[in-house]
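Q: Let me begin by handing over the structure; questions about it come next.
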Amino acid sequence: MMTGISARAALAVLLVSAVAVFSACDAIDTASVEQQPVAEAYMEAGKDLPEVVLSRTAPIDAGPGGQQGIRNADVFIDRLGPDGSVVQTVPYRTTDTVGFYVPDSPTPTVQGGTTYRLRAELPEGGSIRAETTVPTAIDLVASENTDATFQSPVQPSFTVTRAEVRDAPVVLLFTTTSQLDFEALSEEELIAEFTPFYADAYDPDEDDIEDFKVTQSPILNEANYDDNGDGTITIDFPWIAVAFYGENEVAVSVLDRALYDYLRTQEAQQGGLSPGEIPNIVDNIEGGTGIFGSYARASETINVGRE
Amino acid sequence: MPARRSASIELPYHFFGPVMLCFSRLAVVFVMLGSLLGGVPSLAQDDGSAADPARISGYVRDAETGETLLLANVVALSGDVTRGAATNNAGYYTIAGLAPGTYTVRVTFLGFEPMEQEVTLEAGEDRRLDVELSPATTEVDEVVVEAERDAAEARAIGANRVETALIKQLPAVLEPDLFRSLQLLPGVKAASDFSSGLYIRGGSPDQTLILLDRTTVYNPTHFFGLFSTFNPDAIKDVQLYKGGYPAEYGGRLGSVVDIYNKDGNRRETQGGFSVGLLASRAYVEGPYGRSWGDDGEERGSYMVALRRSTLEPLLAVLRSQDVDGIPDGFFFYDLNAKINLDATPNDKLSLAVYGGQDVLDLQFLDDGRFDISYGNRTASLDWQHLLSETVFTNLTLTGSRYLSTPIATISSTRFSQRNEVTDVSLKGDIEWVPTRAHTLKGGIWAGALSFGLRNTFDGVETFEQELSSGYASAYIQDTYRPHDDWQVRAGLRSSYFDRGQYWRLEPRVSVDYTVAEGVRLQTAYGRYHQYLTLETSELFTGFDSWLTTDDGVPPSYGDQFVVGVKTEPWTGWSVDVEGYYRTMRDLFELDPFLPDRAGLPYAETFRFGDGFAFGGEVLVQRSTGAVNGFVGYTLSRTARRFPLVNVGPNGPLYYAPKFDRTHDLNIVANYDLTEKWRMTAAFNYATGQPYTEPTYRFSTVNDPFISDSQTRETFISPFNGERLPAYHRLDVGATRRGTWFGADFELQLQVINLYGRSNIWFYFFETNDDGTVERTEVPQIPVPLPNISFTMTF
């Protein structure tokens, strides 16, 4: 056994070493963020080319109106051919609302299965580019129990054609839009039309009742639903999606890769990771952020009666 | 028919044949090693000190209860010759390589009076020397000091022990809690006041192997994470390996908590109960069976400990006051039972069972309901057999089952999940001390694991995965003592997981060098693999789900490097310093960005990443005197890297996860005010945890999937770039001891968070209609929280 080496000296050496190693090994690096342009446009198969909204991200402490629209940008949407070449270019023009751009007439129709490119040259320099491939159109081929009693075991169901989506899983998103006249009906009258769960969830002091007009499902894989083997799937409609009795429009949307990535990562900001951890979104905007996405949609109106 | 993931159910792997084959091969390896190291047991030679050495071996027990004492120190002294050993996890020791002559055998254990006995050994003699130690009284401080100094094995690198008495003394929310006590040790962190999860040396809770009587426990929490399932009345011994753990353990990347239940009092029937504000517990233990010999020792013992929440009266009062969010029903319970039998002087059998359950029925809003139930069941049948005085064997059949069945129902729409883990295994270990210089250990562990995860939505199955897999591992380890001051422990573990057919080798080595009296330098290296991952939330453990490797999902692995100094610089004091660096590769966990798993191949439901952790720990401990306790400090860092998180220009960057804390200081002090009064305090200071403070935001205005009145809000932020305010909290307690109607009692008065520090749990950011962002603080325990309990022992 060696002697003469004091315990305190050994401790001191180890402590100094530990601090040195600690200082040398820290490889954690937080990715920086900065203000950037935001592009927003949603293309629906079979509908007119949408408007494009350009703005800038707002500092978190900017206060009301912090997200400023971008004026005088040169905005185009190109329709690309299968080989990636530009088949058609649609120039956009400004509108009375700052940051909003619409196609110069005539407005072409969005074609399912086709790739579109958004281009924008910004007045203060910089440019934005983004691409989306529109899912092929889907059609409603059958529906059942569209006139049903709320929470009845016999639920409304829909049969829709399957869509094709490039470079992404086939995912669906349901929206249920109440057909009540929110302009004409008073808040009390609308509250009376709430289904029980939403009636209890609604807080007049905190919520805007119009926020409940549309309910949205999570993103759902097509594999959740019955494959009929003939190119269609059948979807049973869950009662949780109904916020108001009466007529509701149920829409099934098939999302492209950009919308899929944007929505799933935006939802993760609401608590997908540990509490207090907020990941950034995945977007398809080069030179900025936002969403330039597309979808195909089929819809049906159902009537939900009280129990 | 709904489309679904095709279930790949397999019959349980038929493992008993391979296990026995493996065990027999291991015996052959032992014989070969024995030949190399000095011959088979009967021919074992000391390293030149004796032609025909003698050996001493036996059990060390508590004289009052007959319980075996684990990691007690046994030393044989003769002149300048000192030979020592520690008892193993069965309380058995062997000292080999003793020259014929007279020795003073000294046995010490923390909290017990040392025992000395003279023995004279003949050449080649195998002396069985079972020893009993009497519990020390508080007056014999020096005794305890010496025992502590000698407890070398208990202070192996990366190892800590927690005394059951300390667990019961520390102020605690609801109930004394083992894991809360472990969280006070350096290197062990808590995620929050509400989580008993163990974050050890930068690892997540699933990186710690939890063993109860050698059986894996998969969800060791009650109250959805608030505290752990282990009833302190039932616990005999807890060994924590924070890192660099030896080859006899495996299956986790980081650490091991090895818990042993009491065997039961072999001398007299004893019991007790404890009534607390929100939970109560009771236990009984005692001897049974006829004596083997004329010593009056009973052949067997039993122990039963029961604990149950007693929240119902409080919940009823709160419901009568129309307090929101009060469940219709909530309870938890756990039961520990163990029975032991000495079948022969060389054969001990024991059967241990554990069962615990948490049940919650909660109505929320007008049409919503949660029905949540989860629990563990474990059982182990253990056979200890002495092949000879120097060869100790242990064979254990274990079973463990975890079942979680949360159900939510909203507007007749039902969401359900069922996660089930069943693990049946056979463990065999053999320990042989052929010479003074070598202690050989080897073992096998093989079993069949079955994991099931099934989700339904609105009556339709949306995801189902049934995985069955056989697994097997074997290890061999030699503890080599070339000199009194040196100990080298080298081992090799090999593991196989049938699912994906992964076979891995895991070398482990540690070196312990006594530099000077009371100063030990230690270092260790090991490679570790993990075939499981836990999907959990620090918010709520009722949804915990375990998942396994498979094709396309390789096991995680990592290397650990540890260096340390263990010292006793002053009488009655110990100072331990350790530094560590560890890697974590091929980490796999369910992809949190995956909105739906229906129809996806199993491998595509995961994300894969890596990480590392490093740090330094200091533990200053005083075990004696009226004022005793410890101070633990940790300087550490841990990082993770996963796709889509903290993405820089060239891809994902390492980030600090929420449980990373740079500085962590714990002070635990006990003060024996009088014989009847004891004061206890625990203080914790820690760097605030990382969190994400949004820097920019934007709103969408044309989103086709929400109401026109709504916008979709997006934050843009440096991921976990900020730190919460520092965490600190002081808990205090007072214990009044006495006798009442001839029975011992303890009255405990405690206050958690004495000065009402409102530590931040996390911030919640919400965007108002006008675009301003509001930050809401979600606190941890924000106010002083009193607790009172009354315990009687009869």
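In the structure tokens, the first chain shown is A, the next is B, and so on; residue numbers restart at 1 for each chain, and ligands run from 1 in the order shown.
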Using only C-alpha atoms, I'd like every residue of chain A that has an atom within 6 Å of chain B; please write them out as a ChimeraX atom specification.

A: /A:1-3,7,18,28,31-32,57-60,63-64,197,200,211,213-214,219-221,223-226,240,264-265,272,276-280

Q: Which residues, written as a ChimeraX atom specification, have at least one atom at most 8 Å from Arg127 in chain B, with only C-alpha atoms counted and residues fewer than 3 positions away on the same chain left out?

A: /B:54-57,121,389

Q: May I ask for the distance between CA of Glu589 in chain B and CA of Phe606 in chain B, given in Å to one decimal place?

A: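 That distance, rounded to one decimal, is 5.3 Å.
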
Q: Smallest atom-to-atom distance to Ala45 in chain A: which of A:Thr195, A:Ser105, A:Ser143, A:Gln111, using only C-alpha atoms?

A: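 Of the candidates, the smallest distance to Ala45 in chain A is held by A:Gln111.
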
Q: Write out as a PyMOL selection string the residues lying within 10 Å of Thr344 in chain B, counting only C-alpha atoms and excluding same-chain residues fewer than 3 positions away.

A: chain B and resi 292+299+341+347-349+385

Q: Output N, CA and C atoms for every residue in the selection just made, as an mmCIF file, in the first residue's frame.

A:
data_model
loop_
_atom_site.group_PDB
_atom_site.id
_atom_site.type_symbol
_atom_site.label_atom_id
_atom_site.label_comp_id
_atom_site.auth_asym_id
_atom_site.auth_seq_id
_atom_site.Cartn_x
_atom_site.Cartn_y
_atom_site.Cartn_z
ATOM 1 N N TRP B 292 -33.961 -27.341 13.118
ATOM 2 C CA TRP B 292 -33.096 -28.381 12.581
ATOM 3 C C TRP B 292 -32.257 -29.022 13.678
ATOM 4 N N ARG B 299 -37.156 -23.369 11.355
ATOM 5 C CA ARG B 299 -36.751 -23.709 9.983
ATOM 6 C C ARG B 299 -37.241 -22.700 8.956
ATOM 7 N N LEU B 341 -38.035 -21.257 3.853
ATOM 8 C CA LEU B 341 -37.891 -22.564 4.497
ATOM 9 C C LEU B 341 -36.464 -23.053 4.295
ATOM 10 N N ASP B 347 -29.734 -25.935 2.092
ATOM 11 C CA ASP B 347 -30.738 -25.599 1.068
ATOM 12 C C ASP B 347 -31.793 -24.677 1.674
ATOM 13 N N LYS B 348 -31.960 -23.539 1.027
ATOM 14 C CA LYS B 348 -32.957 -22.580 1.492
ATOM 15 C C LYS B 348 -33.918 -22.302 0.348
ATOM 16 N N LEU B 349 -35.170 -22.364 0.676
ATOM 17 C CA LEU B 349 -36.195 -22.077 -0.318
ATOM 18 C C LEU B 349 -36.973 -20.852 0.121
ATOM 19 N N HIS B 385 -28.498 -23.030 -2.660
ATOM 20 C CA HIS B 385 -27.908 -24.327 -2.348
ATOM 21 C C HIS B 385 -26.395 -24.186 -2.238
#

Q: Quick one: everything within 10 Å of Asp256 in chain A, counting only C-alpha atoms, minus sequence neighbours fewer than 3 positions away in the same chain. Send it as a PyMOL selection string.

A: chain A and resi 43+132-136+164-172+253+259-261+292-296

Q: Write a file of the selected residues as an mmCIF file, in the first residue's frame, keeping C-alpha atoms.

A:
data_model
loop_
_atom_site.group_PDB
_atom_site.id
_atom_site.type_symbol
_atom_site.label_atom_id
_atom_site.label_comp_id
_atom_site.auth_asym_id
_atom_site.auth_seq_id
_atom_site.Cartn_x
_atom_site.Cartn_y
_atom_site.Cartn_z
ATOM 1 C CA MET A 43 -54.589 23.916 -52.499
ATOM 2 C CA THR A 132 -46.661 20.464 -53.021
ATOM 3 C CA THR A 133 -48.032 17.492 -54.880
ATOM 4 C CA VAL A 134 -51.798 17.495 -54.641
ATOM 5 C CA PRO A 135 -53.408 14.203 -53.591
ATOM 6 C CA THR A 136 -55.649 12.730 -56.238
ATOM 7 C CA GLU A 164 -52.941 8.614 -53.914
ATOM 8 C CA VAL A 165 -50.390 10.764 -52.177
ATOM 9 C CA ARG A 166 -46.815 11.189 -53.325
ATOM 10 C CA ASP A 167 -43.982 10.569 -50.848
ATOM 11 C CA ALA A 168 -46.241 10.405 -47.817
ATOM 12 C CA PRO A 169 -48.528 8.016 -45.976
ATOM 13 C CA VAL A 170 -52.193 8.292 -46.873
ATOM 14 C CA VAL A 171 -53.646 10.154 -43.929
ATOM 15 C CA LEU A 172 -57.098 11.554 -43.364
ATOM 16 C CA SER A 253 -59.647 15.352 -46.355
ATOM 17 C CA LEU A 259 -49.771 19.466 -44.564
ATOM 18 C CA TYR A 260 -49.073 16.162 -42.847
ATOM 19 C CA ASP A 261 -45.700 17.378 -41.610
ATOM 20 C CA PHE A 292 -47.823 25.535 -48.747
ATOM 21 C CA GLY A 293 -49.908 22.394 -48.717
ATOM 22 C CA SER A 294 -52.651 20.596 -50.532
ATOM 23 C CA TYR A 295 -55.475 18.192 -49.933
ATOM 24 C CA ALA A 296 -58.343 16.370 -51.546
#

Q: Can you tell me which residues surround range 213-221 of chain B at a distance of at most 6 Å, considering only C-alpha atoms, apart from same-chain residues fewer than 4 positions away, and format the answer as a PyMOL selection string?

A: chain B and resi 225+227-229+260+398

Q: Take the residues from that selection and put them in a file with C-alpha atoms, as an mmCIF file, in the first residue's frame.

A:
data_model
loop_
_atom_site.group_PDB
_atom_site.id
_atom_site.type_symbol
_atom_site.label_atom_id
_atom_site.label_comp_id
_atom_site.auth_asym_id
_atom_site.auth_seq_id
_atom_site.Cartn_x
_atom_site.Cartn_y
_atom_site.Cartn_z
ATOM 1 C CA GLY B 225 -45.998 8.428 -10.546
ATOM 2 C CA PHE B 227 -44.367 7.653 -5.315
ATOM 3 C CA SER B 228 -42.964 4.197 -5.764
ATOM 4 C CA THR B 229 -44.567 0.874 -5.079
ATOM 5 C CA TYR B 260 -34.693 -7.435 -1.346
ATOM 6 C CA THR B 398 -39.455 -15.413 -11.574
#

Q: Any idea what the distance is between CA of Thr208 in chain B and CA of Tyr531 in chain B?

A: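 Result for CA of Thr208 in chain B versus CA of Tyr531 in chain B: 12.5 Å, one decimal.
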
Q: Could you give me, as a list in words, each residue of range 154-201 of chain B that DSSP assigns to strand (DSSP E) when run on this structure's backbone?

A: Ala159, Asn160, Arg161, Val188, Lys189, Tyr199 and Ile200 of chain B

Q: Could you save the residues just selected, with C-alpha atoms, as an mmCIF file, in the first residue's frame?

A:
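See out.cif below for the written result:
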data_model
loop_
_atom_site.group_PDB
_atom_site.id
_atom_site.type_symbol
_atom_site.label_atom_id
_atom_site.label_comp_id
_atom_site.auth_asym_id
_atom_site.auth_seq_id
_atom_site.Cartn_x
_atom_site.Cartn_y
_atom_site.Cartn_z
ATOM 1 C CA ALA B 159 -22.806 1.827 -5.799
ATOM 2 C CA ASN B 160 -24.869 3.275 -2.998
ATOM 3 C CA ARG B 161 -26.985 1.747 -0.305
ATOM 4 C CA VAL B 188 -29.999 10.571 -9.017
ATOM 5 C CA LYS B 189 -32.519 13.207 -9.996
ATOM 6 C CA TYR B 199 -33.231 9.799 -13.650
ATOM 7 C CA ILE B 200 -29.824 8.354 -12.893
#

Q: Using only C-alpha atoms, which residues sit within 8 Å of Asn72 in chain A once same-chain residues fewer than 4 positions away are excluded, as a list of chain:residue names?

A: A:Thr94, A:Leu122, A:Pro123

Q: Can you list every residue in range 127-243 of chain A that DSSP puts in helix (DSSP H, G or I), as an MDAnalysis selection string?

A: chainID A and resid 187:192 196:201 209:212 222:224 239:241

Q: Using only C-alpha atoms, determine which residues lie at most 8 Å from Glu248 in chain B, disregarding the query and same-chain residues fewer than 6 positions distant; provide the list as a list in words.

A: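 Those residues are Lys441, Gly442, Gly443, Tyr475, Ile476, Gln477 and Arg493 of chain B.
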
Q: As an exercise, work out the distance from CA of Ser134 in chain B to CA of Thr68 in chain B in Å and give it to one decimal place.

A: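 Pair CA of Ser134 in chain B / CA of Thr68 in chain B returns 12.1 Å.
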
Q: Counting only C-alpha atoms, which of B:Pro554, B:Pro725, B:Gly428, B:Gly264 gets nearest to Glu285 in chain B?

A: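 Using only C-alpha atoms, the shortest distance to Glu285 in chain B belongs to B:Gly264.
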
Q: Counting only C-alpha atoms, which residue out of B:Leu403, B:Leu453, B:Ala85, B:Leu110 sits closest to Tyr59 in chain B?

A: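 That would be B:Ala85, the residue with the smallest distance to Tyr59 in chain B.
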